[in-house]
Amino acid sequence: MTAAEHPPRATARSWWGWGRSDRALPDRECADLAALIPGLPSEPLPVPDLRGLELARPRVAPPAALAPLVSDGTADRAAHTYGKAYRDVVRALHGDLAAAPDLVAHPRTERELTGLLDWAADRNVAVIPYGGGSSVVGGVEYRGGDHAAVLSLDTTAMDRVLEVDTTSRAARIQAGILGPALEQRLREHGGGLTLRHFPQSFEFSTLGGWLATRAGGHYATQRTRIDDFVESMRVVTPAGTSESLRLPGSGAGPSPDRLFLGSEGVLGVITEAWMRLQDRPVHKASAAVRFADFADAAEAVRAISQSGLDPANCRLLDPGEAALAEAAHGGESVLVLGVESAHRPVDGTLAELCALAADHGGTVAPPGDEEGRDGDAAVGAWRSAFLRMPYVRDGLARMSAITETFETACTWDRFPGLYEEIRSGIGAAVEEITGRPGLVNCRLTHVYPDGPAPYFSVIAAGRRGAEVAMWDEIKSAAMETLTRHGATVTHHHAVGRDHRPGYDRQRPEPFALALRAAKGALDPGGILNPGVLVDVPGRGTGTGTD
């Protein structure tokens, strides 16, 4: 069982930062981390206390029939104000909760959810589908408009596995279920089946959130996105309920599911889906390969992605990223390879992958010795750093460090130029914005025969009180660079409100026309997640350029 497969411990979610409160970095560790970055304060910002928060009074009250589903408590409203982007964490740390929703709803059934949507449409209340609240692109935050009030819609009480078809290997699952509960309930059903979709947010995100954002999972090749597991979907919209026919495939016109996959809650609320399952893997193997030159490492990954060997894991860390993950310390790049199967041994496939990497200048690290060094240690260090990184990000945010991440995808022929310009151009922008040099690192998270999905990390010294403005400037510079190189504005983090300017430039105008029409038809009152993907025709609420 991987770390991602373990059910969460029964400890409280952090309302202001990532994950669980007991896993947040203590003050001393925050300060020790910040000491590695010149120019930061010596003491962290205090963890905010809910008891000292004062939120604006709710502007609306639900009818008696819906009142048991709705909360106006400070803790609930504060926890549903933002997602988990850096700028969200910083604003919460500074006590800025001006965007807090008026109410938070917790429907338990589709009928209750429909009642909430009907009431909201009648009262001009904006409805923000919240999922697990793990958005890092402003996807769950209301940023203004002419609505009478704001309702955050938390579907996590709709968390059942309703039906399992072992013959077809599929399950009908409610969309509010969190990742660990989904896997646990499939285990309890028996049959050895799994969805096996593990995004970094797995512990704190829902099936509906994965579908609404077209989330990327842990598979580096083949089934990289949640799209690949969808058999059919059920979506409640203000105009009615859409339920697609459950099929293994169909050529009957445009796919109804494709309309709602990636729609980020602007067209309807996903309530359940039939998802394709698979047998749990029993054969697994992994290896770490070190490269003296990152360009050689990237060529090795390209060869692997085009080989048809389809590793489950193919993560390439550039020298800076490898050092941060403690996977290497000699200026080397590290390629983490993993293969798995439910039916046959995989050692031969791993050997072929390692041979391909060696052909491009890679050195395969030997398996770890009894003290945990070498290959096994590099793989373990990467996995540990991957799961811990959001907590480190929050610790650095408390020290006013700027920690920005952005991910993209491009074709292989464009990757070398994109990598170099991000490293140099964004590095220069960071120094201009913050007044000090910063770190710009990269890893490849998913790879395809025609191109990689690079994930960039930026760490720099910020100025206390100016962190959000600096973050916004760096984000804007990164978006411009991606657009200039023909790379996508997002590979798997969704669009939200933060990526709207880049998304508006990326999408074809005829498609934008169709999306506006769909929004107007399915959500005529413009109440669903206003400002995301497309503006409401005639209302002009949002952050994009529609």
# chains A, B, ... in the order shown; residues from 1 in each chain; ligands from 1
$ residues_around --residues "range 321-335 of chain A" --least-positions-apart "5" --cutoff "6 Å" --atoms "only C-alpha atoms" --output "MDAnalysis selection string"
chainID A and resid 288:292 294 315:316 378 381:382 385 441
$ write_last_selection --atoms "N, CA, C and O atoms" --output "CSV table (one decimal), in the first residue's frame"
chain,number,residue,atom,x,y,z
A,288,ALA,N,15.8,4.5,-9.5
A,288,ALA,CA,16.2,5.9,-9.7
A,288,ALA,C,17.4,5.9,-10.6
A,288,ALA,O,18.3,5.1,-10.5
A,289,VAL,N,17.4,6.8,-11.6
A,289,VAL,CA,18.4,7.0,-12.5
A,289,VAL,C,19.0,8.4,-12.4
A,289,VAL,O,18.2,9.4,-12.5
A,290,ARG,N,20.3,8.5,-12.3
A,290,ARG,CA,20.9,9.9,-12.2
A,290,ARG,C,21.5,10.3,-13.5
A,290,ARG,O,22.1,9.4,-14.2
A,291,PHE,N,21.5,11.6,-13.8
A,291,PHE,CA,22.0,12.1,-15.0
A,291,PHE,C,22.9,13.3,-14.7
A,291,PHE,O,22.5,14.2,-13.9
A,292,ALA,N,24.0,13.4,-15.3
A,292,ALA,CA,24.9,14.6,-15.1
A,292,ALA,C,24.3,15.8,-15.9
A,292,ALA,O,24.6,17.0,-15.5
A,294,PHE,N,20.8,17.6,-17.6
A,294,PHE,CA,19.4,17.6,-17.7
A,294,PHE,C,18.9,17.4,-19.1
A,294,PHE,O,17.8,16.7,-19.3
A,315,ARG,N,9.0,10.3,-13.3
A,315,ARG,CA,9.1,11.7,-12.8
A,315,ARG,C,10.6,12.1,-12.9
A,315,ARG,O,11.5,11.4,-12.3
A,316,LEU,N,10.8,13.1,-13.7
A,316,LEU,CA,12.2,13.6,-13.8
A,316,LEU,C,12.4,14.9,-13.0
A,316,LEU,O,11.6,15.9,-13.2
A,378,ALA,N,16.6,7.3,-2.9
A,378,ALA,CA,16.2,8.4,-3.8
A,378,ALA,C,14.7,8.3,-4.1
A,378,ALA,O,14.0,9.3,-4.1
A,381,ALA,N,12.9,9.3,-0.9
A,381,ALA,CA,13.0,10.7,-0.7
A,381,ALA,C,12.1,11.5,-1.5
A,381,ALA,O,11.4,12.5,-1.1
A,382,TRP,N,12.0,11.1,-2.8
A,382,TRP,CA,11.1,11.9,-3.7
A,382,TRP,C,9.6,11.7,-3.2
A,382,TRP,O,8.9,12.7,-3.1
A,385,ALA,N,9.0,13.7,0.0
A,385,ALA,CA,9.0,15.2,-0.3
A,385,ALA,C,7.7,15.6,-1.0
A,385,ALA,O,7.1,16.7,-0.8
A,441,ASN,N,12.9,25.8,-10.1
A,441,ASN,CA,13.2,24.4,-10.4
A,441,ASN,C,12.1,23.8,-11.2
A,441,ASN,O,11.0,24.4,-11.4
$ residues_around --residues "Leu55 in chain A" --least-positions-apart "5" --cutoff "9 Å" --atoms "only C-alpha atoms" --output "ChimeraX atom specification"
/A:74,77-78,97-98,100
$ write_last_selection --atoms "N, CA, C and O atoms" --output "tab-separated table (two decimals), in the first residue's frame"
chain	number	residue	atom	x	y	z
A	74	THR	N	-18.87	30.84	12.07
A	74	THR	CA	-17.59	31.44	11.69
A	74	THR	C	-16.60	30.40	11.19
A	74	THR	O	-15.94	30.60	10.16
A	77	ARG	N	-17.66	29.11	7.66
A	77	ARG	CA	-17.51	30.15	6.63
A	77	ARG	C	-16.03	30.46	6.37
A	77	ARG	O	-15.63	30.62	5.21
A	78	ALA	N	-15.23	30.53	7.42
A	78	ALA	CA	-13.80	30.80	7.24
A	78	ALA	C	-13.12	29.69	6.45
A	78	ALA	O	-12.33	29.95	5.53
A	97	LEU	N	-10.41	37.86	5.32
A	97	LEU	CA	-11.47	36.94	4.93
A	97	LEU	C	-12.67	37.71	4.39
A	97	LEU	O	-13.83	37.32	4.59
A	98	ALA	N	-12.37	38.80	3.67
A	98	ALA	CA	-13.45	39.61	3.12
A	98	ALA	C	-14.31	38.84	2.14
A	98	ALA	O	-15.47	39.19	1.91
A	100	ALA	N	-15.41	35.82	2.46
A	100	ALA	CA	-16.11	34.71	3.10
A	100	ALA	C	-17.53	34.57	2.57
A	100	ALA	O	-18.24	35.57	2.39
$ select_by_dssp --residues "range 137-345 of chain A" --states "strand (DSSP E)" --output "ChimeraX atom specification"
/A:149-153,161-165,170-174,193-194,230-237,240-243,269-276,278-279,283-291,313-317,333-341
$ residues_around --residues "Phe456 in chain A" --least-positions-apart "2" --cutoff "12 Å" --atoms "only C-alpha atoms" --output "PyMOL selection string"
chain A and resi 316-318+320-321+403-409+418-423+426-427+439-445+453-454+458-459+475+478-479+482+490-491
$ residues_around --residues "range 208-210 of chain A" --least-positions-apart "2" --cutoff "7 Å" --atoms "only C-alpha atoms" --output "list of chain:residue names"
A:Gly131, A:Ala175, A:Gly176, A:Ser205, A:Thr206, A:Ala212, A:Thr213, A:Arg214, A:Ala215, A:Ile226, A:Ile270
$ write_last_selection --atoms "N, CA and C atoms" --output "short mmCIF file (atom, residue, chain, number, x, y, z; two decimals), in the first residue's frame"
data_model
loop_
_atom_site.label_atom_id
_atom_site.label_comp_id
_atom_site.auth_asym_id
_atom_site.auth_seq_id
_atom_site.Cartn_x
_atom_site.Cartn_y
_atom_site.Cartn_z
N GLY A 131 -16.25 21.16 -3.41
CA GLY A 131 -15.48 19.92 -3.43
C GLY A 131 -14.79 19.71 -2.10
N ALA A 175 -20.36 11.92 -5.83
CA ALA A 175 -19.26 12.81 -6.19
C ALA A 175 -18.60 13.49 -5.00
N GLY A 176 -19.25 13.49 -3.83
CA GLY A 176 -18.67 14.17 -2.69
C GLY A 176 -17.67 13.34 -1.90
N SER A 205 -9.40 15.81 -1.48
CA SER A 205 -10.18 16.20 -2.65
C SER A 205 -11.21 15.13 -2.96
N THR A 206 -12.25 15.52 -3.70
CA THR A 206 -13.39 14.64 -3.96
C THR A 206 -13.40 14.13 -5.39
N ALA A 212 -14.63 17.65 -12.19
CA ALA A 212 -14.90 19.03 -12.58
C ALA A 212 -13.65 19.77 -13.01
N THR A 213 -12.47 19.28 -12.59
CA THR A 213 -11.22 19.95 -12.95
C THR A 213 -10.35 19.11 -13.87
N ARG A 214 -10.83 17.95 -14.30
CA ARG A 214 -10.04 17.04 -15.14
C ARG A 214 -8.68 16.78 -14.50
N ALA A 215 -8.73 16.33 -13.27
CA ALA A 215 -7.53 16.18 -12.46
C ALA A 215 -6.57 15.15 -13.03
N ILE A 226 -8.27 11.86 -14.88
CA ILE A 226 -9.51 11.24 -14.42
C ILE A 226 -10.45 10.94 -15.59
N ILE A 270 -21.81 18.09 -10.35
CA ILE A 270 -21.70 16.65 -10.55
C ILE A 270 -22.11 15.96 -9.25
#
$ residues_around --residues "Tyr219 in chain A" --least-positions-apart "6" --cutoff "8 Å" --atoms "only C-alpha atoms" --output "PyMOL selection string"
chain A and resi 197+311-313+446
$ write_last_selection --atoms "all heavy atoms" --output "PDB file, in the first residue's frame"
ATOM      1  N   HIS A 197      -6.638   6.386  -8.646  1.00  0.00           N
ATOM      2  CA  HIS A 197      -6.357   7.738  -9.140  1.00  0.00           C
ATOM      3  C   HIS A 197      -5.875   8.539  -7.942  1.00  0.00           C
ATOM      4  O   HIS A 197      -6.653   8.861  -7.046  1.00  0.00           O
ATOM      5  CB  HIS A 197      -7.621   8.354  -9.742  1.00  0.00           C
ATOM      6  CG  HIS A 197      -7.436   9.757 -10.230  1.00  0.00           C
ATOM      7  ND1 HIS A 197      -6.845  10.043 -11.443  1.00  0.00           N
ATOM      8  CD2 HIS A 197      -7.755  10.949  -9.666  1.00  0.00           C
ATOM      9  CE1 HIS A 197      -6.816  11.361 -11.604  1.00  0.00           C
ATOM     10  NE2 HIS A 197      -7.358  11.919 -10.542  1.00  0.00           N
ATOM     11  N   PRO A 311       5.538   3.231 -18.258  1.00  0.00           N
ATOM     12  CA  PRO A 311       5.729   3.132 -16.813  1.00  0.00           C
ATOM     13  C   PRO A 311       4.632   3.877 -16.054  1.00  0.00           C
ATOM     14  O   PRO A 311       4.096   4.876 -16.536  1.00  0.00           O
ATOM     15  CB  PRO A 311       7.088   3.808 -16.593  1.00  0.00           C
ATOM     16  CG  PRO A 311       7.240   4.751 -17.748  1.00  0.00           C
ATOM     17  CD  PRO A 311       6.583   4.046 -18.909  1.00  0.00           C
ATOM     18  N   ALA A 312       4.282   3.373 -14.872  1.00  0.00           N
ATOM     19  CA  ALA A 312       3.306   4.066 -14.034  1.00  0.00           C
ATOM     20  C   ALA A 312       3.893   5.356 -13.491  1.00  0.00           C
ATOM     21  O   ALA A 312       3.186   6.350 -13.320  1.00  0.00           O
ATOM     22  CB  ALA A 312       2.875   3.164 -12.878  1.00  0.00           C
ATOM     23  N   ASN A 313       5.188   5.354 -13.220  1.00  0.00           N
ATOM     24  CA  ASN A 313       5.868   6.544 -12.716  1.00  0.00           C
ATOM     25  C   ASN A 313       7.047   6.848 -13.624  1.00  0.00           C
ATOM     26  O   ASN A 313       7.815   5.950 -13.987  1.00  0.00           O
ATOM     27  CB  ASN A 313       6.356   6.313 -11.281  1.00  0.00           C
ATOM     28  CG  ASN A 313       6.690   7.604 -10.560  1.00  0.00           C
ATOM     29  OD1 ASN A 313       6.542   8.698 -11.112  1.00  0.00           O
ATOM     30  ND2 ASN A 313       7.135   7.494  -9.324  1.00  0.00           N
ATOM     31  N   HIS A 446       4.069  14.220 -15.798  1.00  0.00           N
ATOM     32  CA  HIS A 446       3.385  13.308 -16.713  1.00  0.00           C
ATOM     33  C   HIS A 446       4.072  13.449 -18.062  1.00  0.00           C
ATOM     34  O   HIS A 446       4.529  14.537 -18.430  1.00  0.00           O
ATOM     35  CB  HIS A 446       1.910  13.657 -16.856  1.00  0.00           C
ATOM     36  CG  HIS A 446       1.161  13.690 -15.556  1.00  0.00           C
ATOM     37  ND1 HIS A 446       1.236  14.756 -14.674  1.00  0.00           N
ATOM     38  CD2 HIS A 446       0.304  12.801 -14.995  1.00  0.00           C
ATOM     39  CE1 HIS A 446       0.470  14.512 -13.618  1.00  0.00           C
ATOM     40  NE2 HIS A 446      -0.108  13.336 -13.783  1.00  0.00           N
TER      41      HIS A 446
END
$ residues_around --residues "Thr194 in chain A" --least-positions-apart "3" --cutoff "10 Å" --atoms "only C-alpha atoms" --output "list in words"
Arg169, Ala170, Ala171, Leu182, Glu183, Gln184, Arg185, Leu186, Arg187, Gly190, Gly191, His197, Arg276, Leu277, Gln278, Asp279, Arg280 and Pro281 of chain A
$ closest_residue --among "A:Phe511, A:Tyr391, A:Trp471, A:Phe198" --to "Trp18 in chain A" --atoms "only C-alpha atoms"
A:Tyr391
$ residues_around --residues "Asp296 in chain A" --least-positions-apart "3" --cutoff "7 Å" --atoms "only C-alpha atoms" --output "JSON, numbers by chain"
{"A": [293, 299, 300, 360, 361]}
$ write_last_selection --atoms "all heavy atoms" --output "compact mmCIF listing (two decimals), in the first residue's frame"
# COMPACT_ATOMS: atom_id res chain seq x y z
N ASP A 293 23.57 15.56 -16.93
CA ASP A 293 23.08 16.64 -17.79
C ASP A 293 21.56 16.54 -17.91
O ASP A 293 21.03 15.48 -18.28
CB ASP A 293 23.73 16.54 -19.18
CG ASP A 293 23.33 17.69 -20.07
OD1 ASP A 293 23.96 18.76 -19.97
OD2 ASP A 293 22.37 17.53 -20.85
N GLU A 299 15.90 13.84 -22.86
CA GLU A 299 15.88 12.97 -24.04
C GLU A 299 15.59 11.52 -23.66
O GLU A 299 14.90 10.80 -24.39
CB GLU A 299 17.22 13.07 -24.78
CG GLU A 299 17.32 14.27 -25.70
CD GLU A 299 16.26 14.23 -26.80
OE1 GLU A 299 16.30 13.32 -27.64
OE2 GLU A 299 15.37 15.11 -26.79
N ALA A 300 16.10 11.09 -22.51
CA ALA A 300 15.81 9.74 -22.04
C ALA A 300 14.32 9.58 -21.77
O ALA A 300 13.71 8.55 -22.13
CB ALA A 300 16.62 9.44 -20.79
N HIS A 360 21.00 6.91 -22.76
CA HIS A 360 21.04 8.37 -22.87
C HIS A 360 21.91 9.00 -21.78
O HIS A 360 21.75 10.19 -21.46
CB HIS A 360 19.63 8.94 -22.82
CG HIS A 360 18.82 8.64 -24.04
ND1 HIS A 360 18.20 7.43 -24.25
CD2 HIS A 360 18.54 9.40 -25.14
CE1 HIS A 360 17.57 7.45 -25.42
NE2 HIS A 360 17.76 8.62 -25.97
N GLY A 361 22.80 8.23 -21.22
CA GLY A 361 23.76 8.79 -20.27
C GLY A 361 23.37 8.65 -18.82
O GLY A 361 24.05 9.21 -17.94
$ atom_distance --atom1 "CA of Ser201 in chain A" --atom2 "CA of His218 in chain A"
10.6 Å
$ select_by_dssp --residues "range 203-384 of chain A" --states "alpha helix (DSSP H)" --output "JSON, numbers by chain"
{"A": [207, 208, 209, 210, 211, 212, 213, 256, 257, 258, 259, 260, 294, 295, 296, 297, 298, 299, 300, 301, 302, 303, 304, 305, 319, 320, 321, 322, 323, 324, 347, 348, 349, 350, 351, 352, 353, 354, 355, 356, 357, 358, 359, 374, 375, 376, 377, 378, 379, 380, 381, 382, 383, 384]}
$ write_last_selection --atoms "N, CA and C atoms" --output "short mmCIF file (atom, residue, chain, number, x, y, z; two decimals), in the first residue's frame"
data_model
loop_
_atom_site.label_atom_id
_atom_site.label_comp_id
_atom_site.auth_asym_id
_atom_site.auth_seq_id
_atom_site.Cartn_x
_atom_site.Cartn_y
_atom_site.Cartn_z
N LEU A 207 -14.14 13.05 -5.59
CA LEU A 207 -14.34 12.55 -6.95
C LEU A 207 -14.94 13.64 -7.83
N GLY A 208 -15.96 14.34 -7.34
CA GLY A 208 -16.56 15.40 -8.14
C GLY A 208 -15.58 16.50 -8.49
N GLY A 209 -14.71 16.84 -7.55
CA GLY A 209 -13.69 17.83 -7.83
C GLY A 209 -12.71 17.36 -8.88
N TRP A 210 -12.33 16.06 -8.83
CA TRP A 210 -11.45 15.53 -9.87
C TRP A 210 -12.09 15.64 -11.24
N LEU A 211 -13.39 15.30 -11.32
CA LEU A 211 -14.08 15.32 -12.60
C LEU A 211 -14.26 16.76 -13.10
N ALA A 212 -14.63 17.65 -12.19
CA ALA A 212 -14.90 19.03 -12.58
C ALA A 212 -13.65 19.77 -13.01
N THR A 213 -12.47 19.28 -12.59
CA THR A 213 -11.22 19.95 -12.95
C THR A 213 -10.35 19.11 -13.87
N PRO A 256 -21.66 13.76 -24.08
CA PRO A 256 -22.24 14.58 -23.00
C PRO A 256 -21.29 14.75 -21.82
N ASP A 257 -20.53 13.69 -21.49
CA ASP A 257 -19.61 13.78 -20.36
C ASP A 257 -18.53 14.83 -20.60
N ARG A 258 -18.10 14.96 -21.84
CA ARG A 258 -17.03 15.91 -22.14
C ARG A 258 -17.48 17.35 -21.92
N LEU A 259 -18.77 17.59 -21.98
CA LEU A 259 -19.26 18.94 -21.70
C LEU A 259 -19.01 19.31 -20.25
N PHE A 260 -19.17 18.32 -19.34
CA PHE A 260 -19.07 18.62 -17.91
C PHE A 260 -17.70 18.33 -17.32
N PHE A 294 20.85 17.63 -17.62
CA PHE A 294 19.39 17.60 -17.66
C PHE A 294 18.86 17.38 -19.07
N ALA A 295 19.54 17.93 -20.07
CA ALA A 295 19.09 17.74 -21.45
C ALA A 295 19.13 16.27 -21.83
N ASP A 296 20.17 15.55 -21.39
CA ASP A 296 20.23 14.11 -21.65
C ASP A 296 19.08 13.39 -20.94
N ALA A 297 18.79 13.82 -19.73
CA ALA A 297 17.72 13.20 -18.97
C ALA A 297 16.38 13.39 -19.68
N ALA A 298 16.14 14.61 -20.19
CA ALA A 298 14.89 14.88 -20.91
C ALA A 298 14.79 14.02 -22.17
N GLU A 299 15.90 13.84 -22.86
CA GLU A 299 15.88 12.97 -24.04
C GLU A 299 15.59 11.52 -23.66
N ALA A 300 16.10 11.09 -22.51
CA ALA A 300 15.81 9.74 -22.04
C ALA A 300 14.32 9.58 -21.77
N VAL A 301 13.72 10.58 -21.16
CA VAL A 301 12.29 10.52 -20.86
C VAL A 301 11.48 10.52 -22.15
N ARG A 302 11.92 11.30 -23.14
CA ARG A 302 11.22 11.28 -24.43
C ARG A 302 11.27 9.89 -25.04
N ALA A 303 12.44 9.26 -25.01
CA ALA A 303 12.57 7.90 -25.56
C ALA A 303 11.66 6.92 -24.81
N ILE A 304 11.60 7.06 -23.51
CA ILE A 304 10.74 6.17 -22.71
C ILE A 304 9.27 6.40 -23.04
N SER A 305 8.87 7.67 -23.19
CA SER A 305 7.46 7.97 -23.47
C SER A 305 7.04 7.47 -24.84
N PRO A 319 18.20 19.40 -11.37
CA PRO A 319 19.11 19.42 -10.22
C PRO A 319 18.56 20.15 -9.00
N GLY A 320 17.91 21.30 -9.21
CA GLY A 320 17.36 22.04 -8.08
C GLY A 320 16.25 21.28 -7.39
N GLU A 321 15.38 20.67 -8.17
CA GLU A 321 14.26 19.92 -7.60
C GLU A 321 14.76 18.66 -6.90
N ALA A 322 15.78 18.01 -7.48
CA ALA A 322 16.34 16.80 -6.86
C ALA A 322 16.98 17.13 -5.52
N ALA A 323 17.64 18.29 -5.44
CA ALA A 323 18.26 18.69 -4.18
C ALA A 323 17.20 18.99 -3.13
N LEU A 324 16.12 19.69 -3.52
CA LEU A 324 15.05 20.00 -2.57
C LEU A 324 14.40 18.73 -2.04
N ASP A 347 9.66 -6.89 -13.34
CA ASP A 347 11.10 -6.63 -13.28
C ASP A 347 11.70 -6.49 -14.67
N GLY A 348 11.22 -7.27 -15.62
CA GLY A 348 11.74 -7.17 -16.98
C GLY A 348 11.44 -5.83 -17.62
N THR A 349 10.23 -5.33 -17.40
CA THR A 349 9.88 -4.01 -17.94
C THR A 349 10.74 -2.93 -17.32
N LEU A 350 10.96 -3.00 -16.02
CA LEU A 350 11.81 -2.00 -15.36
C LEU A 350 13.23 -2.07 -15.91
N ALA A 351 13.73 -3.27 -16.17
CA ALA A 351 15.08 -3.41 -16.73
C ALA A 351 15.16 -2.76 -18.11
N GLU A 352 14.13 -2.93 -18.93
CA GLU A 352 14.11 -2.29 -20.25
C GLU A 352 14.12 -0.76 -20.12
N LEU A 353 13.32 -0.24 -19.19
CA LEU A 353 13.28 1.20 -18.98
C LEU A 353 14.64 1.73 -18.52
N CYS A 354 15.25 1.02 -17.61
CA CYS A 354 16.57 1.45 -17.12
C CYS A 354 17.61 1.39 -18.23
N ALA A 355 17.52 0.40 -19.10
CA ALA A 355 18.46 0.30 -20.22
C ALA A 355 18.29 1.48 -21.17
N LEU A 356 17.04 1.86 -21.44
CA LEU A 356 16.80 3.04 -22.28
C LEU A 356 17.41 4.29 -21.66
N ALA A 357 17.23 4.44 -20.34
CA ALA A 357 17.80 5.60 -19.66
C ALA A 357 19.32 5.57 -19.72
N ALA A 358 19.90 4.39 -19.54
CA ALA A 358 21.35 4.27 -19.60
C ALA A 358 21.89 4.61 -20.99
N ASP A 359 21.14 4.28 -22.04
CA ASP A 359 21.54 4.62 -23.41
C ASP A 359 21.67 6.13 -23.61
N ASP A 374 21.24 5.05 -1.67
CA ASP A 374 21.23 4.77 -3.09
C ASP A 374 19.82 4.77 -3.68
N GLY A 375 19.52 3.78 -4.58
CA GLY A 375 18.30 3.86 -5.38
C GLY A 375 17.02 3.92 -4.58
N ASP A 376 16.85 3.01 -3.65
CA ASP A 376 15.62 3.01 -2.86
C ASP A 376 15.47 4.30 -2.08
N ALA A 377 16.60 4.83 -1.59
CA ALA A 377 16.56 6.06 -0.82
C ALA A 377 16.12 7.23 -1.69
N ALA A 378 16.59 7.28 -2.94
CA ALA A 378 16.20 8.37 -3.84
C ALA A 378 14.71 8.32 -4.15
N VAL A 379 14.19 7.12 -4.40
CA VAL A 379 12.76 6.97 -4.67
C VAL A 379 11.95 7.35 -3.44
N GLY A 380 12.38 6.85 -2.28
CA GLY A 380 11.67 7.16 -1.04
C GLY A 380 11.72 8.63 -0.70
N ALA A 381 12.88 9.28 -0.94
CA ALA A 381 13.01 10.71 -0.65
C ALA A 381 12.07 11.52 -1.53
N TRP A 382 11.98 11.14 -2.80
CA TRP A 382 11.06 11.87 -3.68
C TRP A 382 9.62 11.71 -3.21
N ARG A 383 9.22 10.48 -2.87
CA ARG A 383 7.84 10.24 -2.47
C ARG A 383 7.51 11.01 -1.19
N SER A 384 8.42 10.99 -0.24
CA SER A 384 8.19 11.70 1.02
C SER A 384 8.10 13.20 0.79
#
$ closest_residue --among "A:Pro46, A:Gly417, A:Gly338, A:Pro437" --to "Ile402 in chain A" --atoms "only C-alpha atoms"
A:Pro437
$ closest_residue --among "A:Glu272, A:Asp122, A:Glu54, A:Asp27" --to "Gly526 in chain A" --atoms "only C-alpha atoms"
A:Asp122
$ closest_residue --among "A:Val136, A:Val230, A:Ala287, A:Val489" --to "Ala85 in chain A" --atoms "only C-alpha atoms"
A:Val136
$ closest_residue --among "A:Gly465, A:Ala220, A:Lys284, A:Leu113" --to "Ala342 in chain A" --atoms "only C-alpha atoms"
A:Lys284
$ closest_residue --among "A:Thr363, A:Ser232, A:Thr481, A:Thr411" --to "Ser255 in chain A" --atoms "only C-alpha atoms"
A:Ser232
